[in-house]
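Trainee: Structure: upload39.cif, mmCIF, C-alpha atoms.
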```cif
data_my_file
loop_
_atom_site.label_atom_id
_atom_site.label_comp_id
_atom_site.auth_asym_id
_atom_site.auth_seq_id
_atom_site.Cartn_x
_atom_site.Cartn_y
_atom_site.Cartn_z
CA MET A 1 134.10 78.53 76.11
CA SER A 2 135.46 81.45 78.02
CA GLY A 3 136.84 84.90 77.30
CA ILE A 4 138.05 85.34 73.76
CA SER A 5 138.34 81.68 72.82
CA ASP A 6 135.30 79.99 71.33
CA LYS A 7 134.44 76.41 70.47
CA THR A 8 136.50 76.45 67.27
CA THR A 9 139.63 77.75 68.94
CA ASP A 10 139.22 75.23 71.77
CA ALA A 11 138.79 72.41 69.28
CA LEU A 12 141.82 73.51 67.28
CA GLY A 13 143.89 73.82 70.46
CA ALA A 14 142.85 70.33 71.57
CA SER A 15 143.68 68.92 68.15
CA LEU A 16 147.15 70.54 68.30
CA ASP A 17 147.79 68.80 71.64
CA LEU A 18 146.59 65.44 70.37
CA ARG A 19 148.53 65.75 67.10
CA LEU A 20 151.67 66.49 69.11
CA LEU A 21 151.05 63.28 71.06
CA ARG A 22 150.68 61.36 67.79
CA HIS A 23 153.86 62.96 66.49
CA ASN A 24 155.78 61.91 69.61
CA VAL A 25 154.49 58.34 69.45
CA THR A 26 155.27 58.07 65.72
CA SER A 27 158.79 59.45 66.27
CA ALA A 28 159.28 56.74 68.89
CA ASN A 29 158.15 54.12 66.37
CA VAL A 30 160.66 55.43 63.79
CA ALA A 31 163.47 55.44 66.35
CA ASN A 32 162.63 51.85 67.35
CA ALA A 33 162.22 50.59 63.78
CA GLU A 34 164.96 48.02 64.35
CA THR A 35 164.57 47.24 68.04
CA PRO A 36 163.88 43.51 68.49
CA GLY A 37 160.49 42.86 70.09
CA TYR A 38 159.31 46.48 69.84
CA LYS A 39 155.59 46.83 69.14
CA ALA A 40 154.51 49.81 67.00
CA LYS A 41 152.11 52.16 68.81
CA GLN A 42 149.15 53.95 67.29
CA VAL A 43 147.22 57.02 68.50
CA ASP A 44 143.47 57.40 68.00
CA PHE A 45 141.74 60.62 68.91
CA GLU A 46 139.56 61.77 65.98
CA GLU A 47 136.46 59.98 67.21
CA ALA A 48 136.84 61.08 70.84
CA LEU A 49 137.41 64.67 69.75
CA SER A 50 134.42 64.78 67.41
CA ARG A 51 132.20 63.24 70.11
CA ALA A 52 133.43 65.87 72.57
CA LEU A 53 132.71 68.59 70.00
CA ASP A 54 129.13 67.34 69.61
CA HIS A 55 128.60 67.41 73.35
CA GLU A 56 130.49 70.59 74.22
CA GLY A 57 128.27 72.91 76.27
CA LEU A 58 125.22 70.66 75.82
CA GLY A 59 122.73 69.76 78.50
CA LYS A 60 124.17 72.07 81.13
CA MET A 61 125.78 69.08 82.76
CA HIS A 62 128.69 69.46 85.08
CA THR A 63 131.48 66.97 85.23
CA SER A 64 134.09 66.94 87.95
CA ALA A 65 136.55 64.25 86.89
CA ASP A 66 138.50 63.38 83.77
CA GLU A 67 136.88 59.93 83.64
CA HIS A 68 133.35 61.34 83.32
CA PHE A 69 131.54 61.33 80.01
CA LEU A 70 132.58 64.16 77.71
CA MET A 71 129.67 66.48 78.39
CA GLY A 72 129.02 70.10 79.27
CA GLN A 73 131.63 72.81 79.68
CA GLY A 74 135.17 72.05 78.63
CA ALA A 75 134.38 68.68 77.08
CA VAL A 76 136.71 69.38 74.17
CA SER A 77 139.75 70.14 76.30
CA ARG A 78 139.21 66.88 78.19
CA ALA A 79 139.10 64.67 75.08
CA ARG A 80 141.77 62.01 75.53
CA ALA A 81 143.65 60.05 72.92
CA ASP A 82 143.80 56.29 72.91
CA VAL A 83 147.30 54.85 72.51
CA TYR A 84 147.57 51.14 71.75
CA ASP A 85 149.74 48.59 69.95
CA ASN A 86 149.02 48.81 66.22
CA PRO A 87 147.16 45.59 65.33
CA ASP A 88 147.39 46.06 61.55
CA VAL A 89 150.99 45.00 61.01
CA ASN A 90 153.39 42.32 59.88
CA VAL A 91 155.61 40.83 62.53
CA THR A 92 159.21 40.34 61.46
CA ASN A 93 161.46 37.53 62.64
CA ASP A 94 162.71 39.54 65.62
CA GLY A 95 159.18 40.39 66.84
CA ASN A 96 159.32 44.02 65.66
CA THR A 97 156.09 45.38 64.16
CA VAL A 98 157.22 48.79 62.85
CA ASP A 99 156.39 49.48 59.21
CA MET A 100 158.78 52.29 58.37
CA GLU A 101 156.93 53.54 55.28
CA LYS A 102 153.64 53.66 57.14
CA GLU A 103 155.22 55.51 60.06
CA LEU A 104 156.86 58.12 57.82
CA ALA A 105 153.54 58.60 56.01
CA THR A 106 151.75 59.09 59.34
CA LEU A 107 154.47 61.53 60.38
CA ALA A 108 154.11 63.64 57.21
CA ASP A 109 150.32 63.51 57.22
CA ASN A 110 150.14 64.43 60.91
CA SER A 111 152.54 67.33 60.65
CA ILE A 112 150.67 68.78 57.65
CA LEU A 113 147.37 68.63 59.56
CA TYR A 114 149.12 70.16 62.59
CA LYS A 115 150.26 73.07 60.45
CA ALA A 116 146.75 73.37 58.98
CA ALA A 117 145.31 73.68 62.50
CA LEU A 118 147.96 76.31 63.27
CA GLN A 119 146.94 78.34 60.22
CA LEU A 120 143.26 78.13 61.18
CA ILE A 121 144.06 79.39 64.69
CA ASN A 122 146.08 82.22 63.21
CA LYS A 123 143.19 83.11 60.89
CA LYS A 124 140.80 83.15 63.87
CA LEU A 125 143.14 85.40 65.83
CA GLY A 126 143.63 87.59 62.76
CA ALA A 127 139.87 88.08 62.44
CA MET A 128 139.70 88.97 66.11
CA ARG A 129 142.56 91.43 65.75
CA TYR A 130 140.77 93.02 62.80
CA ALA A 131 137.64 93.46 64.90
CA VAL A 132 139.66 94.98 67.73
CA THR A 133 141.72 97.41 65.67
CA GLU A 134 139.32 98.34 62.85
CA GLY A 135 135.95 97.98 64.57
CA GLY A 136 136.07 101.33 66.31
CA ARG A 137 136.95 103.40 63.25
CA MET B 1 154.83 65.79 76.83
CA ASP B 2 156.14 68.46 74.50
CA PHE B 3 158.34 68.94 71.47
CA THR B 4 161.48 68.07 73.38
CA THR B 5 160.09 64.55 73.85
CA ALA B 6 160.02 63.97 70.09
CA MET B 7 163.45 65.59 69.74
CA ARG B 8 164.91 63.38 72.46
CA ILE B 9 163.44 60.21 70.98
CA SER B 10 164.61 61.01 67.44
CA SER B 11 168.09 61.87 68.66
CA SER B 12 168.26 58.56 70.54
CA GLY B 13 167.51 56.89 67.20
CA LEU B 14 170.23 58.93 65.50
CA SER B 15 172.90 58.02 68.04
CA ALA B 16 171.88 54.34 68.05
CA GLN B 17 172.21 54.19 64.24
CA ARG B 18 175.52 56.03 64.44
CA THR B 19 176.86 53.48 66.92
CA ARG B 20 175.73 50.74 64.55
CA MET B 21 177.49 52.53 61.68
CA ASN B 22 180.68 52.66 63.77
CA THR B 23 180.66 48.90 64.35
CA ILE B 24 180.00 48.29 60.64
CA SER B 25 182.95 50.55 59.73
CA SER B 26 185.08 48.67 62.20
CA ASN B 27 184.03 45.33 60.66
CA ILE B 28 184.81 46.53 57.12
CA ALA B 29 188.14 48.08 58.11
CA ASN B 30 189.24 44.90 59.88
CA VAL B 31 188.18 42.45 57.21
CA ASN B 32 191.75 41.13 56.92
CA THR B 33 193.01 41.72 60.47
CA THR B 34 194.74 38.62 61.82
CA LYS B 35 196.11 40.02 65.07
CA THR B 36 194.17 41.74 67.91
CA PRO B 37 195.02 42.72 71.52
CA GLU B 38 192.74 39.89 72.75
CA GLY B 39 194.66 37.44 70.55
CA GLY B 40 193.53 35.70 67.40
CA PRO B 41 191.90 37.34 64.37
CA TYR B 42 189.40 40.23 64.55
CA ARG B 43 185.86 39.13 65.34
CA ARG B 44 182.81 40.73 63.77
CA LYS B 45 180.89 43.12 66.09
CA ASP B 46 177.16 43.76 66.06
CA VAL B 47 174.92 46.08 68.09
CA VAL B 48 171.79 45.11 70.03
CA PHE B 49 169.02 47.72 70.21
CA GLU B 50 166.72 48.06 73.19
CA ALA B 51 163.57 50.19 73.73
CA MET B 52 163.72 52.34 76.88
CA PRO B 53 160.90 54.32 78.53
CA ASP B 54 161.50 57.96 77.78
CA ALA B 55 162.50 60.14 80.75
CA ARG B 56 164.31 63.47 80.91
CA ASN B 57 166.76 62.29 83.52
CA PHE B 58 167.47 59.48 85.96
CA GLY B 59 165.41 61.14 88.71
CA GLU B 60 162.30 61.21 86.55
CA LEU B 61 162.82 57.54 85.67
CA VAL B 62 162.88 56.59 89.37
CA THR B 63 160.20 58.89 90.81
CA SER B 64 157.50 58.78 88.13
CA SER B 65 156.88 55.71 86.03
CA PRO B 66 157.24 57.11 82.48
CA SER B 67 154.63 56.18 79.92
CA ALA B 68 155.36 53.10 77.82
CA ASP B 69 153.76 54.80 74.82
CA MET B 70 156.87 56.72 73.88
CA GLN B 71 160.08 54.79 74.10
CA ARG B 72 163.49 55.80 72.94
CA VAL B 73 166.06 53.39 71.58
CA GLN B 74 169.46 52.64 73.00
CA VAL B 75 172.31 50.29 72.26
CA SER B 76 172.15 47.76 75.09
CA ASP B 77 175.09 45.64 74.00
CA VAL B 78 177.77 45.18 71.35
CA THR B 79 178.01 41.47 70.64
CA VAL B 80 181.03 39.65 69.28
CA ASP B 81 180.44 37.15 66.50
CA ARG B 82 181.20 33.54 67.53
CA LYS B 83 181.62 32.17 64.01
CA ALA B 84 184.82 30.18 63.50
CA PRO B 85 187.53 32.14 61.64
CA MET B 86 188.36 31.30 58.03
CA LEU B 87 191.62 29.38 57.65
CA LYS B 88 193.85 30.15 54.69
CA TYR B 89 197.05 28.31 53.83
CA GLU B 90 199.78 30.98 53.94
CA PRO B 91 202.91 29.43 55.50
CA ASP B 92 204.97 32.61 55.08
CA HIS B 93 202.52 34.76 57.08
CA PRO B 94 203.88 35.75 60.54
CA ASP B 95 200.54 34.76 62.16
CA ALA B 96 200.42 31.31 60.57
CA ASN B 97 200.07 28.31 62.91
CA GLU B 98 202.33 25.22 62.88
CA GLU B 99 200.49 23.72 59.89
CA GLY B 100 200.90 26.97 57.94
CA TYR B 101 197.26 28.13 58.22
CA VAL B 102 196.36 31.75 58.99
CA ALA B 103 193.04 32.54 60.77
CA TYR B 104 191.19 35.36 59.00
CA PRO B 105 188.02 37.08 60.31
CA ASN B 106 184.83 35.46 59.03
CA ILE B 107 183.33 38.71 57.68
CA ASN B 108 181.01 38.83 54.70
CA LEU B 109 181.55 42.20 53.02
CA MET B 110 178.20 42.05 51.20
CA GLU B 111 176.41 41.55 54.52
CA GLU B 112 178.21 44.56 56.01
CA MET B 113 177.33 46.71 53.00
CA ALA B 114 173.66 45.72 53.27
CA ASN B 115 173.68 46.57 56.98
CA MET B 116 175.35 49.88 56.20
CA ILE B 117 172.61 50.86 53.72
CA GLN B 118 169.96 49.87 56.25
CA ALA B 119 171.62 51.96 58.98
CA THR B 120 171.83 54.95 56.62
CA ARG B 121 168.12 54.66 55.76
CA SER B 122 167.13 54.43 59.43
CA TYR B 123 169.31 57.42 60.22
CA GLU B 124 167.64 59.42 57.44
CA ALA B 125 164.17 58.40 58.70
CA ASN B 126 165.05 59.77 62.14
CA VAL B 127 166.38 62.95 60.54
CA SER B 128 163.08 63.51 58.71
CA ALA B 129 161.14 62.86 61.92
CA MET B 130 163.28 65.49 63.62
CA GLN B 131 162.80 67.91 60.72
CA ALA B 132 159.01 67.49 61.03
CA THR B 133 159.23 68.16 64.78
CA LYS B 134 161.21 71.31 64.13
CA ASP B 135 158.76 72.58 61.50
CA MET B 136 155.82 72.01 63.83
CA ALA B 137 157.51 73.70 66.79
CA LEU B 138 158.52 76.69 64.65
CA GLY B 139 154.91 76.95 63.47
CA ALA B 140 153.63 76.80 67.04
CA ILE B 141 155.74 79.74 68.21
CA GLU B 142 154.25 81.82 65.40
CA ILE B 143 150.69 81.53 66.76
CA GLY B 144 149.07 84.95 66.87
CA ARG B 145 151.79 86.80 64.97
#
```
Rewrite the coordinates I just gave you, this time as structure tokens.
Mentor:
Amino acid sequence: MSGISDKTTDALGASLDLRLLRHNVTSANVANAETPGYKAKQVDFEEALSRALDHEGLGKMHTSADEHFLMGQGAVSRARADVYDNPDVNVTNDGNTVDMEKELATLADNSILYKAALQLINKKLGAMRYAVTEGGR
Amino acid sequence: MDFTTAMRISSSGLSAQRTRMNTISSNIANVNTTKTPEGGPYRRKDVVFEAMPDARNFGELVTSSPSADMQRVQVSDVTVDRKAPMLKYEPDHPDANEEGYVAYPNINLMEEMANMIQATRSYEANVSAMQATKDMALGAIEIGR
């Protein structure tokens, strides 16, 4: 937390970054839907982000490396996503594990939530602008 | 990692499916072709897709090992079908052999049509992925307006 951004803005910013990662990975899955032997990838970050949110600014701990536990200042911005081969799939004859419908659903779902986070950030900034411009009158 | 990554990956999917569409068109157009520059009847072509680590350029591919999480697709090879041609008895045909048989390409039109529909669907899926990328990026540049 520093300057004009607070915990909410930090969390929304981090979720935008992680949703962009998920979008990129899902786009790669769609592009490789018919590549023999390609394994569909999945991105997990919700749990890491919510854990980081719980611990943000707690305990006055200082961490100096990305690998440290998500504690203290800036825990949210250091939350990392986990990218792994999707285990919940059917393997086709050519060893490809992409489920096109599932990927397109993830893509739509993710981009809606991305836009929702954008709107929330804009609302936050709007409130701040209101305070700045109208507060002194 | 940014929006251009998703754009690049989706466009690799688009061009791979377009290449596939081109070979399918070629197969359908040449369904009765009995003479080719290589000799003999036309042989059915098919594309082979390959996943490639995503990198902006060749330099990036060599210097930094790109993440295997996001891979684009590329056409690694166009294979030529090895099935034996279909022989039809047409003694008057200029390409007939001594026994009067003409070698026609062994192409199943239904199979080509099915492949064509599949290629179209994959192309459309990549288009919607790209559309989603564009919407998100356009939203992101509006932050704070």
Trainee: Give me, please, the distance in Å between CA of Pro105 in chain B and CA of Pro85 in chain B, quoted to one decimal.
Mentor: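 Straight-line distance from CA of Pro105 in chain B to CA of Pro85 in chain B works out to 5.1 Å.
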Trainee: Do you know which residues are at most 9 Å from Tyr123 in chain B counting all atoms listed in the file, after dropping those on the same chain fewer than 5 positions away, and could you put them as a list in words?
Mentor: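 Everything that qualifies: Ala31 of chain A; Gly13, Leu14, Ser15, Ala16, Gln17, Arg18, Gln118 and Ser128 of chain B.
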Trainee: Selected by the PyMOL selection byres ((chain B) within 8 of (chain A)) in the shown coordinates: which residues, as number ranges by chain?
Mentor: B: 1-3, 5-6, 9-10, 12-14, 48-51, 69-73, 122, 125-126, 129-130, 132-133, 136, 139-140, 143-145
Trainee: Identify all residues satisfying the PyMOL selection byres ((chain B and resi 44) around 8) in the given file; provide them as a list in words.
Mentor: Asn27, Tyr42, Arg43, Lys45, Asp46, Val80, Asp81, Pro105, Asn106 and Ile107 of chain B
Trainee: So how far away is CA of Ile24 in chain B from CA of Glu112 in chain B, in Å?
Mentor: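 CA of Ile24 in chain B lies 6.2 Å from CA of Glu112 in chain B.
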Trainee: Suppose you want the space between CA of Met86 in chain B and CA of Asn108 in chain B; what is it in Å?
Mentor: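 Value for the CA of Met86 in chain B-CA of Asn108 in chain B distance: 11.0 Å.
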Trainee: Which of these residues is nearest to Ile28 in chain B, using all atoms listed in the file: B:Met110, B:Asp92, B:Glu124, B:Ala137?
Mentor: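 The answer is B:Met110, which sits nearest to Ile28 in chain B.
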Trainee: Find the residue from B:Thr4, B:Thr33, B:Thr79, B:Ser25 that sits nearest to Met113 in chain B; use all atoms listed in the file when measuring.
Mentor: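 Once distances to Met113 in chain B are computed over all atoms listed in the file, the minimum belongs to B:Ser25.
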Trainee: If we count all atoms listed in the file, what is near range 5-11 of chain A at a cut-off of 8 Å, once residues fewer than 5 positions away on the same chain are taken out, given as a list in words?
Mentor: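 Returned residues: Leu49, Leu53, Glu56, Val76, Ser77, Ile121 and Lys124 of chain A.
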